[in-house]
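Asks: Following this message is one structure expressed as structure tokens.
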Amino acid sequence: MKKYAKTAQLSFLERINGGLIYILPSIFIKIFTLIALVYLWRVVMTSGVDVGMTLPQMLTYAYVSAILADMLVVQTAASGWLSEGVLMKLYGRPLPVFGQLAAQTVGGWVPELLMFSLPMILLAPLFSVNLIPKSSYFLLSLLLCISLGFAIELLFACLSIKLRNMNWLLGRMRMAIITVFSGTIIPIRLLPFGLSEIMRYQPFASLGGAPLTIFTGSANVPETILLQVVWNIILWPVAILVWKKSQEGMVSYGG
């Protein structure tokens, strides 16, 4: 575990090695986006629009989605395996590749958790947002969400290995699909044409939307947790198998 902790530490230092000023623009963008989103939902809800949640629940949903964004929709360095040669470097180190990838990803979360998420948690009362989870199962759901996020990320990395030159386009499509169908920006229950009942059973719905609905108290907790467990059991063996087969087709710039 010490080796993985050191890898996470190095990833953290890499994010801030240009100085704190280097990451401040992205922090400010996140802050302004969150403030705008909170007031947007406040206006929408007070105008009488029914979204299936109360105003406090909707504000909490949007707020928690923003401060835990990296965890709710996991994105690893595997997305840059071709253009940046990330995975190639990991193969030259005496640790399992995916273990290093996970440690790097978690370490990369720390700067924004400290500089964005923590301050916004302290400022939540100013926006009348309650950040006390409605169920203690939220933490379990969050861990299952992160685990499933890594499995899905691994599958997309394998697809990019197969498609090679479409790596950048695939990455953009991946983020669009997961952001919409995971319920992190727009709750699944708001999808039109009766899609909400269907889409809540697909694997992406067990990512960010699952812990968010549990946090706000708008979910059927046993069913939500069960779906997350089932998708983890299904997708992890598939991801590992496809990953092992995909490694043989991996190439990178420079050789």
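We name chains A, B, ... following the order of the structure tokens; residues begin at 1 in each chain, and ligands are numbered from 1 as shown.
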Based on DSSP run over this structure's backbone, return all residues of segment 37-103 of chain A in helix (DSSP H, G or I), as an MDAnalysis selection string.

Replies: chainID A and resid 37:46 55:67 69:72 77:80 86:90 97:103

Asks: Please tabulate, as CSV, the residues of segment 61-180 of chain A that come within 10 Å of segment 15-23 of chain A, each with its closest pair of atoms and the distance in Å to one decimal, counting only C-alpha atoms and ordering rows by chain, then residue number upward.

Replies:
```
residue,atom,partner,partner_atom,distance
A:Gly107,CA,A:Arg15,CA,8.9
A:Gly108,CA,A:Arg15,CA,6.5
A:Trp109,CA,A:Arg15,CA,9.2
A:Val110,CA,A:Arg15,CA,9.1
A:Pro111,CA,A:Arg15,CA,7.2
A:Glu112,CA,A:Ile23,CA,8.5
A:Met115,CA,A:Leu20,CA,9.3
```

Asks: Considering only C-alpha atoms, can you say which of A:Ile27, A:Leu126, A:Met175, A:Ala36 comes closest to Gln75 of chain A?

Replies: A:Met175

Asks: If you take only C-alpha atoms and a cut-off of 12 Å, which residues of segment 182-246 of chain A touch segment 46-57 of chain A, and what are their nearest atom pairs and distances in Å to one decimal, in chain and number order, as a Markdown table?

Replies:
```
| residue | atom | partner | partner_atom | distance |
| --- | --- | --- | --- | --- |
| A:Ile186 | CA | A:Val51 | CA | 10.1 |
| A:Pro187 | CA | A:Val51 | CA | 8.7 |
| A:Ile188 | CA | A:Val51 | CA | 10.3 |
| A:Arg189 | CA | A:Gly52 | CA | 7.2 |
| A:Leu190 | CA | A:Val51 | CA | 6.3 |
| A:Leu191 | CA | A:Val51 | CA | 9.9 |
| A:Pro192 | CA | A:Val51 | CA | 11.1 |
| A:Ser196 | CA | A:Gly52 | CA | 11.5 |
| A:Leu212 | CA | A:Gln57 | CA | 9.8 |
| A:Thr213 | CA | A:Gln57 | CA | 8.9 |
| A:Ile214 | CA | A:Gln57 | CA | 10.6 |
| A:Phe215 | CA | A:Gln57 | CA | 8.9 |
| A:Thr216 | CA | A:Gln57 | CA | 5.4 |
| A:Gly217 | CA | A:Gln57 | CA | 7.7 |
| A:Ser218 | CA | A:Met53 | CA | 7.1 |
| A:Ala219 | CA | A:Met53 | CA | 10.5 |
```

Asks: The selected residues should be written to file as a JSON list (two decimals), in the first residue's frame (atoms: N, CA and C atoms).

Replies:
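Wrote selection_37.json, looks like this:
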```json
[["chain", "number", "residue", "atom", "x", "y", "z"],
["A", 186, "ILE", "N", -28.28, 16.25, -14.85],
["A", 186, "ILE", "CA", -29.75, 16.22, -14.87],
["A", 186, "ILE", "C", -30.21, 14.91, -14.25],
["A", 187, "PRO", "N", -30.97, 14.95, -13.16],
["A", 187, "PRO", "CA", -31.44, 13.71, -12.53],
["A", 187, "PRO", "C", -32.15, 12.80, -13.53],
["A", 188, "ILE", "N", -31.95, 11.50, -13.40],
["A", 188, "ILE", "CA", -32.55, 10.52, -14.30],
["A", 188, "ILE", "C", -34.07, 10.69, -14.35],
["A", 189, "ARG", "N", -34.67, 11.04, -13.23],
["A", 189, "ARG", "CA", -36.13, 11.14, -13.19],
["A", 189, "ARG", "C", -36.67, 12.28, -14.04],
["A", 190, "LEU", "N", -35.81, 13.19, -14.52],
["A", 190, "LEU", "CA", -36.25, 14.30, -15.35],
["A", 190, "LEU", "C", -36.23, 13.97, -16.84],
["A", 191, "LEU", "N", -35.73, 12.80, -17.21],
["A", 191, "LEU", "CA", -35.69, 12.43, -18.62],
["A", 191, "LEU", "C", -37.11, 12.30, -19.16],
["A", 192, "PRO", "N", -37.35, 12.82, -20.38],
["A", 192, "PRO", "CA", -38.73, 12.85, -20.92],
["A", 192, "PRO", "C", -39.17, 11.52, -21.54],
["A", 196, "SER", "N", -37.17, 7.76, -17.95],
["A", 196, "SER", "CA", -36.60, 7.68, -16.61],
["A", 196, "SER", "C", -36.72, 6.26, -16.02],
["A", 212, "LEU", "N", -26.13, 10.33, -5.36],
["A", 212, "LEU", "CA", -26.77, 11.64, -5.20],
["A", 212, "LEU", "C", -28.22, 11.50, -4.75],
["A", 213, "THR", "N", -28.94, 10.55, -5.33],
["A", 213, "THR", "CA", -30.34, 10.36, -4.92],
["A", 213, "THR", "C", -30.42, 9.81, -3.50],
["A", 214, "ILE", "N", -29.46, 8.98, -3.11],
["A", 214, "ILE", "CA", -29.44, 8.48, -1.73],
["A", 214, "ILE", "C", -29.11, 9.61, -0.77],
["A", 215, "PHE", "N", -28.17, 10.46, -1.15],
["A", 215, "PHE", "CA", -27.79, 11.60, -0.30],
["A", 215, "PHE", "C", -28.99, 12.52, -0.04],
["A", 216, "THR", "N", -29.77, 12.76, -1.07],
["A", 216, "THR", "CA", -30.90, 13.69, -0.93],
["A", 216, "THR", "C", -32.16, 13.03, -0.39],
["A", 217, "GLY", "N", -32.16, 11.71, -0.27],
["A", 217, "GLY", "CA", -33.32, 11.02, 0.26],
["A", 217, "GLY", "C", -34.42, 10.80, -0.75],
["A", 218, "SER", "N", -34.08, 10.86, -2.06],
["A", 218, "SER", "CA", -35.09, 10.69, -3.10],
["A", 218, "SER", "C", -34.98, 9.33, -3.80],
["A", 219, "ALA", "N", -34.23, 8.40, -3.21],
["A", 219, "ALA", "CA", -34.02, 7.09, -3.83],
["A", 219, "ALA", "C", -34.63, 5.97, -3.01]]
```

Asks: Between A:Thr33, A:Ala205, A:Thr184, A:Ala77, which has the minimum distance to Gly171 of chain A (counting only C-alpha atoms)?

Replies: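 The shortest atom-to-atom distance to Gly171 of chain A comes from A:Ala77.
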
Asks: Using only C-alpha atoms, find the one residue out of A:Thr105, A:Ser117, A:Thr224, A:Ser26 that sits nearest to Glu153 of chain A.

Replies: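 Residue with the minimum atom-to-atom distance to Glu153 of chain A: A:Thr105.
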
Asks: For a quick check of understanding, using only C-alpha atoms, which of A:Lys245, A:Arg174, A:Lys89, A:Lys6 has the smallest distance to Ala103 of chain A?

Replies: A:Lys6

Asks: Report, in Å to a single decimal, how far apart atom CA of Thr179 of chain A and atom CA of Asn130 of chain A are.

Replies: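 So the two atoms, atom CA of Asn130 of chain A and atom CA of Thr179 of chain A, lie 23.7 Å apart.
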
Asks: Write out as a list of chain:residue names which residues come within 12 Å of Leu226 of chain A when counting only C-alpha atoms, dropping same-chain ones fewer than 3 positions away.

Replies: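 What passes the distance filter is A:Tyr137, A:Leu140, A:Ser141, A:Leu144, A:Cys145, A:Tyr201, A:Pro203, A:Ser206, A:Ala210, A:Asn220, A:Val221, A:Pro222, A:Glu223, A:Val229, A:Val230, A:Trp231, A:Asn232, A:Ile233.
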
Asks: Hey, can you check how far atom CA of Cys158 of chain A sits from atom CA of Tyr91 of chain A?

Replies: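 Taking atom CA of Cys158 of chain A and atom CA of Tyr91 of chain A, their separation equals 15.7 Å.
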
Asks: By how many Å are atom CA of Ile67 of chain A and atom CA of Leu13 of chain A apart?

Replies: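 Separation of atom CA of Ile67 of chain A and atom CA of Leu13 of chain A: 20.7 Å.
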
Asks: Point out the residue among A:Met1, A:Leu95, A:Leu154, A:Ile146 with the least atom-to-atom distance to Lys244 of chain A, counting only C-alpha atoms.

Replies: A:Leu154
